[in-house]
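A short worksheet on the structure shown next.
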Amino acid sequence: MKKAVFALISVAILGGWIVAFAQTTTPRLLERIKERPRISTQEFQQNREEIQRQIEQIRAEYRKQIQEKREEMKAKIEALKEQLKTKLRERISERKRAIVERIYDRINALNERMTDHYMDVLDHLEKVLERIESRTAKAELNGRDVSKVKEAIEKAHEAIEKAREAVKAQAEKVYQPPEITTEEKLKLDVGKLRQQLHDDLKAVEKLVKDARDAVRQAAVALAQIPKVDELEVPTTTETTTQPTQ
Amino acid sequence: MEQKTETKKSSIVPIVLAIVVIVVLAGVWYWARKSIVRPVPTSPPPKPVEKVTPKEDSTAAINQELEGIGILDLEGEFKEIDQDLNSL
């Protein structure tokens with residue numbers, strides 16, 4: 001009985017993991033046409049459009065999740081702001097109180113703005129990578145050796161995914177107000193919070209830049225295929241089209 | 001002798017007059033022709049220049065897209081916070 005329960009739980013966890021993985025992993029054109037040595041131009045285009053749609057859906061879901069989390073965070077941030085106000089009222093002059101409150105607002109706003117920006121950059125990179133995949137697939141269908149490009153594309157996908165996870169985690173962070181000790185140490189105390197945000201964003205920025213470099217590497221590898229821009233989907237005698245997934 | 005010269009003169013005068021009339025008429029004709037507003041010769045409309053846009057998955061388009069992806073300067077984004085911090 002215990003064994004059966006254990007097996008059921010394991011299957012459920014594994015199933016959940018597979019579903020989660022399937023939802024977040026970017027669909028790939030190269031994988032989809034891997035088993036198809038011959039494909040019509042129409043089918044190729046249909047597959048591309050389908051993949052583009054799926055990517056859009058995944059990204060919309062990703063943004064929706066972050067947006068929902070941000071809505072939840074708003075109330076928490078407001079509560080923290082009230083706590084900060086109380087602390088400041090006890091120890092700090094009115095002029096400086098206003099400045100500290102403004103910095104705390106700006107810290108949260110900057111985090112939102114920068115994570116939005118990084119998400120935009122990653123979306124853009126993903127679109128470019130899809131184009132690289134399309135051109136690579138055409139080269140492969142024409143019998144060219146695309147192994148190096150495929151390897152670079154894989155690395156670029158991994159880098160984008162890694163950056164996405166980091167951006168999501170950063171976007172969902174709630175920064176605690178600074179620990180206020182004395183008015184003399186106010187700059188130091190608030191500076192710690194500023195430095196914390198800076199370091200966190202810098203780390204995310206690095207991953208986004210790594211993703212951009214990885215996509216560049218894939219583009220460079222693609223450009224090394226002779227006359228790659230002249231290659232199109234080879235014409236086939238097949239006229240029937242298969243429905244896409 | 002004098003009579004001969006007289007007849008010669010009288011035969012030249014109509015010729016000279018005819019030449020003058022022809023020259024005047026030619027001048028009038030030329031002036032009239034010039035004053036007619038000639039239609040401005042219209043040059044054929046320039047052929048639309050075919051802009052060859054590279055395919056979206058061409059290496060040129062891909063590189064162009066990549067070049068356009070900029071990342072904001074983080075230090076610059078902290079400027080306002082740093083100004084506030086310095087006024088503490």
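So you can find residues: chains in the structure tokens are A, B, ... in the order shown, residues in each start at 1, and ligands are numbered from 1 in order.
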As a ChimeraX atom specification, could you give me every residue of chain A near chain B (at most 6 Å apart, counting only C-alpha atoms)?
/A:103,131,135,187,229
Env of stretch 141-146 of chain A: 10 Å cut, atoms = only C-alpha atoms, seq-sep filter 2 positions within chain, self excluded. Answer as a ChimeraX atom specification.
/A:33-34,36-39,135-139,148-152,221-222,224-226,228,231-234
Using N, CA and C atoms, can you export the residues from the last selection as an mmCIF file, in the first residue's frame?
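Saved as selection-v1.cif:
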```cif
data_model
loop_
_atom_site.group_PDB
_atom_site.id
_atom_site.type_symbol
_atom_site.label_atom_id
_atom_site.label_comp_id
_atom_site.auth_asym_id
_atom_site.auth_seq_id
_atom_site.Cartn_x
_atom_site.Cartn_y
_atom_site.Cartn_z
ATOM 1 N N ILE A 33 11.112 20.249 -37.156
ATOM 2 C CA ILE A 33 11.305 19.735 -38.522
ATOM 3 C C ILE A 33 12.438 18.706 -38.608
ATOM 4 N N LYS A 34 12.958 18.332 -37.421
ATOM 5 C CA LYS A 34 14.081 17.381 -37.376
ATOM 6 C C LYS A 34 13.760 16.079 -38.094
ATOM 7 N N ARG A 36 11.740 15.588 -40.432
ATOM 8 C CA ARG A 36 11.182 15.796 -41.777
ATOM 9 C C ARG A 36 12.265 16.169 -42.781
ATOM 10 N N PRO A 37 12.845 15.165 -43.455
ATOM 11 C CA PRO A 37 13.880 15.527 -44.416
ATOM 12 C C PRO A 37 13.334 16.331 -45.605
ATOM 13 N N ARG A 38 12.039 16.141 -45.886
ATOM 14 C CA ARG A 38 11.422 16.920 -46.972
ATOM 15 C C ARG A 38 10.195 17.627 -46.425
ATOM 16 N N ILE A 39 10.119 18.881 -46.719
ATOM 17 C CA ILE A 39 8.998 19.679 -46.225
ATOM 18 C C ILE A 39 8.685 20.746 -47.270
ATOM 19 N N ARG A 135 16.574 30.378 -40.526
ATOM 20 C CA ARG A 135 17.610 30.366 -41.574
ATOM 21 C C ARG A 135 18.457 29.088 -41.464
ATOM 22 N N THR A 136 18.722 28.668 -40.234
ATOM 23 C CA THR A 136 19.504 27.444 -40.020
ATOM 24 C C THR A 136 18.747 26.234 -40.564
ATOM 25 N N ALA A 137 17.451 26.202 -40.306
ATOM 26 C CA ALA A 137 16.630 25.086 -40.788
ATOM 27 C C ALA A 137 16.656 25.022 -42.318
ATOM 28 N N LYS A 138 16.610 26.182 -42.958
ATOM 29 C CA LYS A 138 16.666 26.216 -44.425
ATOM 30 C C LYS A 138 18.013 25.677 -44.918
ATOM 31 N N ALA A 139 19.069 26.056 -44.205
ATOM 32 C CA ALA A 139 20.400 25.580 -44.591
ATOM 33 C C ALA A 139 20.491 24.063 -44.414
ATOM 34 N N LYS A 148 27.462 23.518 -35.842
ATOM 35 C CA LYS A 148 27.993 24.591 -34.981
ATOM 36 C C LYS A 148 26.910 25.631 -34.660
ATOM 37 N N VAL A 149 26.085 25.899 -35.643
ATOM 38 C CA VAL A 149 25.013 26.887 -35.418
ATOM 39 C C VAL A 149 24.015 26.319 -34.409
ATOM 40 N N LYS A 150 23.685 25.038 -34.585
ATOM 41 C CA LYS A 150 22.725 24.408 -33.661
ATOM 42 C C LYS A 150 23.239 24.470 -32.223
ATOM 43 N N GLU A 151 24.518 24.206 -32.088
ATOM 44 C CA GLU A 151 25.136 24.238 -30.759
ATOM 45 C C GLU A 151 25.032 25.653 -30.168
ATOM 46 N N ALA A 152 25.331 26.635 -31.012
ATOM 47 C CA ALA A 152 25.256 28.035 -30.553
ATOM 48 C C ALA A 152 23.816 28.423 -30.227
ATOM 49 N N ALA A 221 27.901 32.294 -36.144
ATOM 50 C CA ALA A 221 28.044 30.915 -36.646
ATOM 51 C C ALA A 221 27.192 30.715 -37.904
ATOM 52 N N LEU A 222 26.005 31.301 -37.901
ATOM 53 C CA LEU A 222 25.107 31.182 -39.066
ATOM 54 C C LEU A 222 25.727 31.854 -40.301
ATOM 55 N N GLN A 224 28.631 32.140 -41.092
ATOM 56 C CA GLN A 224 29.800 31.430 -41.626
ATOM 57 C C GLN A 224 29.433 30.326 -42.624
ATOM 58 N N ILE A 225 28.148 30.038 -42.748
ATOM 59 C CA ILE A 225 27.711 29.046 -43.741
ATOM 60 C C ILE A 225 27.734 29.741 -45.110
ATOM 61 N N PRO A 226 28.469 29.190 -46.066
ATOM 62 C CA PRO A 226 28.568 29.884 -47.358
ATOM 63 C C PRO A 226 27.201 30.093 -48.030
ATOM 64 N N VAL A 228 24.506 31.442 -47.220
ATOM 65 C CA VAL A 228 23.357 31.001 -46.408
ATOM 66 C C VAL A 228 22.074 31.778 -46.745
ATOM 67 N N LEU A 231 19.768 30.369 -49.508
ATOM 68 C CA LEU A 231 19.123 29.060 -49.335
ATOM 69 C C LEU A 231 17.665 29.223 -48.897
ATOM 70 N N GLU A 232 16.810 28.494 -49.592
ATOM 71 C CA GLU A 232 15.387 28.496 -49.232
ATOM 72 C C GLU A 232 14.932 27.054 -49.053
ATOM 73 N N VAL A 233 13.691 26.893 -48.638
ATOM 74 C CA VAL A 233 13.169 25.527 -48.455
ATOM 75 C C VAL A 233 13.144 24.866 -49.835
ATOM 76 N N PRO A 234 13.825 23.716 -49.984
ATOM 77 C CA PRO A 234 13.850 23.087 -51.314
ATOM 78 C C PRO A 234 12.450 22.668 -51.759
#
```
For stretch 207-215 of chain A: contacts at 9 Å, only C-alpha atoms, fewer than 3 positions along chain excluded, given as an NGL selection string
(:A and (118 or 121-122 or 125-126 or 128-129 or 132 or 152-153 or 155-164 or 166-167 or 202-204 or 218-220)) or (:B and (66 or 69 or 71))
Members of stretch 82-195 of chain A assigned helix (DSSP H, G or I) by DSSP, as number ranges by chain:
A: 82-91, 94-141, 147-171, 186-195
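Near A:Lys96, within a cut-off of 9 Å and counting only C-alpha atoms, sit the residues A:Leu88, A:Ile92, A:Ser93, A:Ile99, A:Val100, A:Glu101, A:Glu183, A:Leu186, B:Ser87, B:Leu88, with same-chain residues fewer than 3 positions away left out.
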Generate the output file for the selected residues, C-alpha atoms, as a CSV table (one decimal), in the first residue's frame.
```
chain,number,residue,atom,x,y,z
A,88,LEU,CA,11.5,58.1,10.6
A,92,ILE,CA,14.7,62.0,11.8
A,93,SER,CA,14.0,65.6,10.8
A,99,ILE,CA,13.9,62.4,1.1
A,100,VAL,CA,14.2,58.9,2.6
A,101,GLU,CA,10.6,58.1,1.7
A,183,GLU,CA,20.2,60.9,11.6
A,186,LEU,CA,21.1,58.1,7.7
B,87,SER,CA,21.3,65.5,0.0
B,88,LEU,CA,20.9,63.5,3.2
```
Selection near stretch 71-81 of chain A, 9 Å with only C-alpha atoms, sequence-local residues under 4 positions removed, as a ChimeraX atom specification
/A:66-67,85-86,101,104-105,108,172-177
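Between atom CA of A:Arg53 and atom CA of A:Thr115 there is a distance of 23.4 Å.
Distance annotation: of A:His198, A:Arg95, A:Lys206, A:Lys185, the residue with the minimal separation from B:Gly76 is A:His198; atom set is only C-alpha atoms.
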